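Data block below; observations after.
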Amino acid sequence: MNTGSLLNFLNSLERQGFLPAIANKKIQDFLDYSTRSAGKLFLAYVAVMGAIFVSAGVFAIISHNWDDLPQHVRGVLSFVPSLAALYVYYLAVFKHAHSTSWIEASSMFLMLMIGASIALISQTYQMDGDFDKFIIVWLVLTIPLFYIARASGIAFFYLLLSCKFLTPDFDFGFFGPSDFSLNEKYYLFWLFLFAYLPHFYFSLNKKSDHQGFRAIYLGWITAIVLVLALPFSVKAGYLWWGIATYMGFYLLGKNITQVISVH
């Protein structure tokens, strides 16, 4: 049974006296809210996926026969992805500020195009640096996107890239990895995580006992990243750090529930 048929059925029950008018209105309001929420979520998901595929297509077009172009032409073209993404982001922020799909898609597109421009500029001018520096610059330029228009879809890629600084250094022997040591830049993971956490906090609904999809999505990916990254982000006492993390999430959820109950 689709939504229209269900609404007609409820109206018929009200006309026959089996359903009070107030109850019918509450049920229809709930159905309307659920339908609109699911529709917004679907549109945001499709928009983000579209931004990812469009970004891949733009990068593929620009990088085609890249080495055959003169250096000055490559230097100019290196800025084209970011400039195009900035224009789309401008439209989203100033023309479609109340559209979640516009905000999420434009933020994802801008984040990916910033990375593409940095990579193209570095390759064109043979700039010194390693992959870690590339990730650092990329993430630093991504942080404002969390707070300008409150984009959350980029959080998954942001946290995934920040985990690069937790990748252990393996020593490979004849029979495979023989030993590994913690990444000396593991502290950068915590710095980027702390820069993102206020966005997660602002997404929490403190006036209701129900959290929106944004808060649930951010909470899950934050918890998963923390638990998986924990063994590689501390020097010792992995078990105790793990227990402390689970206790911290439990106490945080309990305190939030108490604050909501008070208000």
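Identifiers in the structure tokens: chain A, B, ... in order shown; residue index from 1 per chain; ligand index from 1 in order shown.
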
**Report entry** Who sits within 8 Å of Thr167 of chain A, only C-alpha atoms, same chain under 2 positions skipped, as a ChimeraX atom specification
**Finding:** /A:163-165,169,182-183,232

Store the residues picked out above in a file with N, CA and C atoms, as a PDB file, in the first residue's frame.
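Writing the result to result26.pdb gives the following:
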```
ATOM      1  N   CYS A 163      43.408   8.869   8.931  1.00  0.00           N
ATOM      2  CA  CYS A 163      43.959   7.595   9.417  1.00  0.00           C
ATOM      3  C   CYS A 163      45.272   7.240   8.723  1.00  0.00           C
ATOM      4  N   LYS A 164      45.622   7.967   7.651  1.00  0.00           N
ATOM      5  CA  LYS A 164      46.898   7.731   6.986  1.00  0.00           C
ATOM      6  C   LYS A 164      48.059   7.892   7.961  1.00  0.00           C
ATOM      7  N   PHE A 165      47.908   8.782   8.943  1.00  0.00           N
ATOM      8  CA  PHE A 165      48.983   9.044   9.896  1.00  0.00           C
ATOM      9  C   PHE A 165      49.063   7.984  10.991  1.00  0.00           C
ATOM     10  N   ASP A 169      54.694   1.478  10.108  1.00  0.00           N
ATOM     11  CA  ASP A 169      55.820   1.254   9.203  1.00  0.00           C
ATOM     12  C   ASP A 169      56.257  -0.201   9.312  1.00  0.00           C
ATOM     13  N   LEU A 182      55.106   2.017  15.186  1.00  0.00           N
ATOM     14  CA  LEU A 182      54.034   2.998  15.083  1.00  0.00           C
ATOM     15  C   LEU A 182      54.487   4.189  14.250  1.00  0.00           C
ATOM     16  N   ASN A 183      53.549   4.766  13.523  1.00  0.00           N
ATOM     17  CA  ASN A 183      53.828   5.949  12.732  1.00  0.00           C
ATOM     18  C   ASN A 183      54.164   7.111  13.666  1.00  0.00           C
ATOM     19  N   PHE A 232      46.800   1.897  17.112  1.00  0.00           N
ATOM     20  CA  PHE A 232      47.912   2.480  16.373  1.00  0.00           C
ATOM     21  C   PHE A 232      48.183   3.932  16.764  1.00  0.00           C
TER      22      PHE A 232
END
```

Query - Contacts of Ser82 of chain A within 7 Å, only C-alpha atoms, excl. fewer than 2 positions in-chain, as a PyMOL selection string - result: chain A and resi 79-80+84-86+110+113-114+117

Pull N, CA and C atoms from the residues just selected and write them as an mmCIF file, in the first residue's frame.
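Printed below is part_5.cif as written:
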```cif
data_model
loop_
_atom_site.group_PDB
_atom_site.id
_atom_site.type_symbol
_atom_site.label_atom_id
_atom_site.label_comp_id
_atom_site.auth_asym_id
_atom_site.auth_seq_id
_atom_site.Cartn_x
_atom_site.Cartn_y
_atom_site.Cartn_z
ATOM 1 N N PHE A 79 44.346 24.727 -11.721
ATOM 2 C CA PHE A 79 43.435 25.476 -10.852
ATOM 3 C C PHE A 79 41.976 25.362 -11.290
ATOM 4 N N VAL A 80 41.747 24.863 -12.495
ATOM 5 C CA VAL A 80 40.383 24.800 -13.021
ATOM 6 C C VAL A 80 39.455 23.955 -12.149
ATOM 7 N N ALA A 84 36.143 25.691 -10.470
ATOM 8 C CA ALA A 84 34.803 25.228 -10.842
ATOM 9 C C ALA A 84 34.042 24.751 -9.606
ATOM 10 N N ALA A 85 34.731 24.028 -8.726
ATOM 11 C CA ALA A 85 34.084 23.546 -7.507
ATOM 12 C C ALA A 85 33.718 24.693 -6.573
ATOM 13 N N LEU A 86 34.564 25.728 -6.508
ATOM 14 C CA LEU A 86 34.247 26.895 -5.683
ATOM 15 C C LEU A 86 33.000 27.617 -6.189
ATOM 16 N N LEU A 110 33.874 20.002 -3.903
ATOM 17 C CA LEU A 110 34.967 20.927 -3.617
ATOM 18 C C LEU A 110 36.124 20.223 -2.925
ATOM 19 N N MET A 113 37.973 18.151 -5.543
ATOM 20 C CA MET A 113 38.654 18.986 -6.528
ATOM 21 C C MET A 113 39.851 19.721 -5.916
ATOM 22 N N ILE A 114 39.788 20.050 -4.646
ATOM 23 C CA ILE A 114 40.949 20.627 -3.972
ATOM 24 C C ILE A 114 42.105 19.631 -3.989
ATOM 25 N N SER A 117 43.521 19.467 -7.537
ATOM 26 C CA SER A 117 44.340 20.625 -7.898
ATOM 27 C C SER A 117 45.702 20.555 -7.226
#
```

Query raised in the report: Which neighbours of Thr124 of chain A fall inside 8 Å, counting only C-alpha atoms, when residues of the same chain fewer than 5 positions from it are skipped, and could you give them as a PyMOL selection string?
Result: chain A and resi 71+74-75

Next, the residues of the selection above should be written as a PDB file, in the first residue's frame with N, CA and C atoms.
```pdb
ATOM      1  N   GLN A  71      54.004  23.335 -19.975  1.00  0.00           N
ATOM      2  CA  GLN A  71      53.963  23.475 -18.522  1.00  0.00           C
ATOM      3  C   GLN A  71      53.045  24.618 -18.088  1.00  0.00           C
ATOM      4  N   ARG A  74      49.495  23.493 -18.303  1.00  0.00           N
ATOM      5  CA  ARG A  74      49.179  22.595 -17.188  1.00  0.00           C
ATOM      6  C   ARG A  74      49.024  23.358 -15.882  1.00  0.00           C
ATOM      7  N   GLY A  75      49.847  24.406 -15.685  1.00  0.00           N
ATOM      8  CA  GLY A  75      49.734  25.206 -14.469  1.00  0.00           C
ATOM      9  C   GLY A  75      48.395  25.886 -14.353  1.00  0.00           C
TER      10      GLY A  75
END
```

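Residue nearest Ser152 of chain A within the list A:Pro198, A:Pro81, A:Gly50, A:Gly17: A:Pro198 [criterion: smallest interatomic distance, only C-alpha atoms].
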
**Report entry** His199 of chain A environment, 8 Å, only C-alpha atoms, sequence neighbours closer than 5 positions dropped, as JSON, numbers by chain
**Finding:** {"A": [146, 147, 150]}

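Proximity to Ile121 of chain A was assessed for A:Ser63, A:Ser101, A:Thr142, A:Ser107 counting only C-alpha atoms; the smallest distance is recorded for A:Ser63.
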
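Across the structure, atom CA of Lys95 of chain A and atom CA of Met111 of chain A are spaced 19.5 Å apart.
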
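Candidate residues A:Tyr201, A:Trp190, A:Phe109, A:Trp138 were compared for distance to Val48 of chain A, and the nearest is A:Phe109, using only C-alpha atoms.
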
Query - Residue set, segment 21-236 of chain A restricted to alpha helix (DSSP H), as an MDAnalysis selection string - result: chainID A and resid 21:63 71:77 80:95 100:125 131:148 155:162 186:202 213:233

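Closest approach to Lys185 of chain A from the set A:Ala97, A:Ala60, A:Leu166, A:Leu41 is made by A:Leu166, with distances taken over only C-alpha atoms.
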
**Report entry** Residue nearest Tyr217 of chain A among A:Ile118, A:Ala92, A:Ala229, A:Leu204 (counting only C-alpha atoms)
**Finding:** A:Leu204
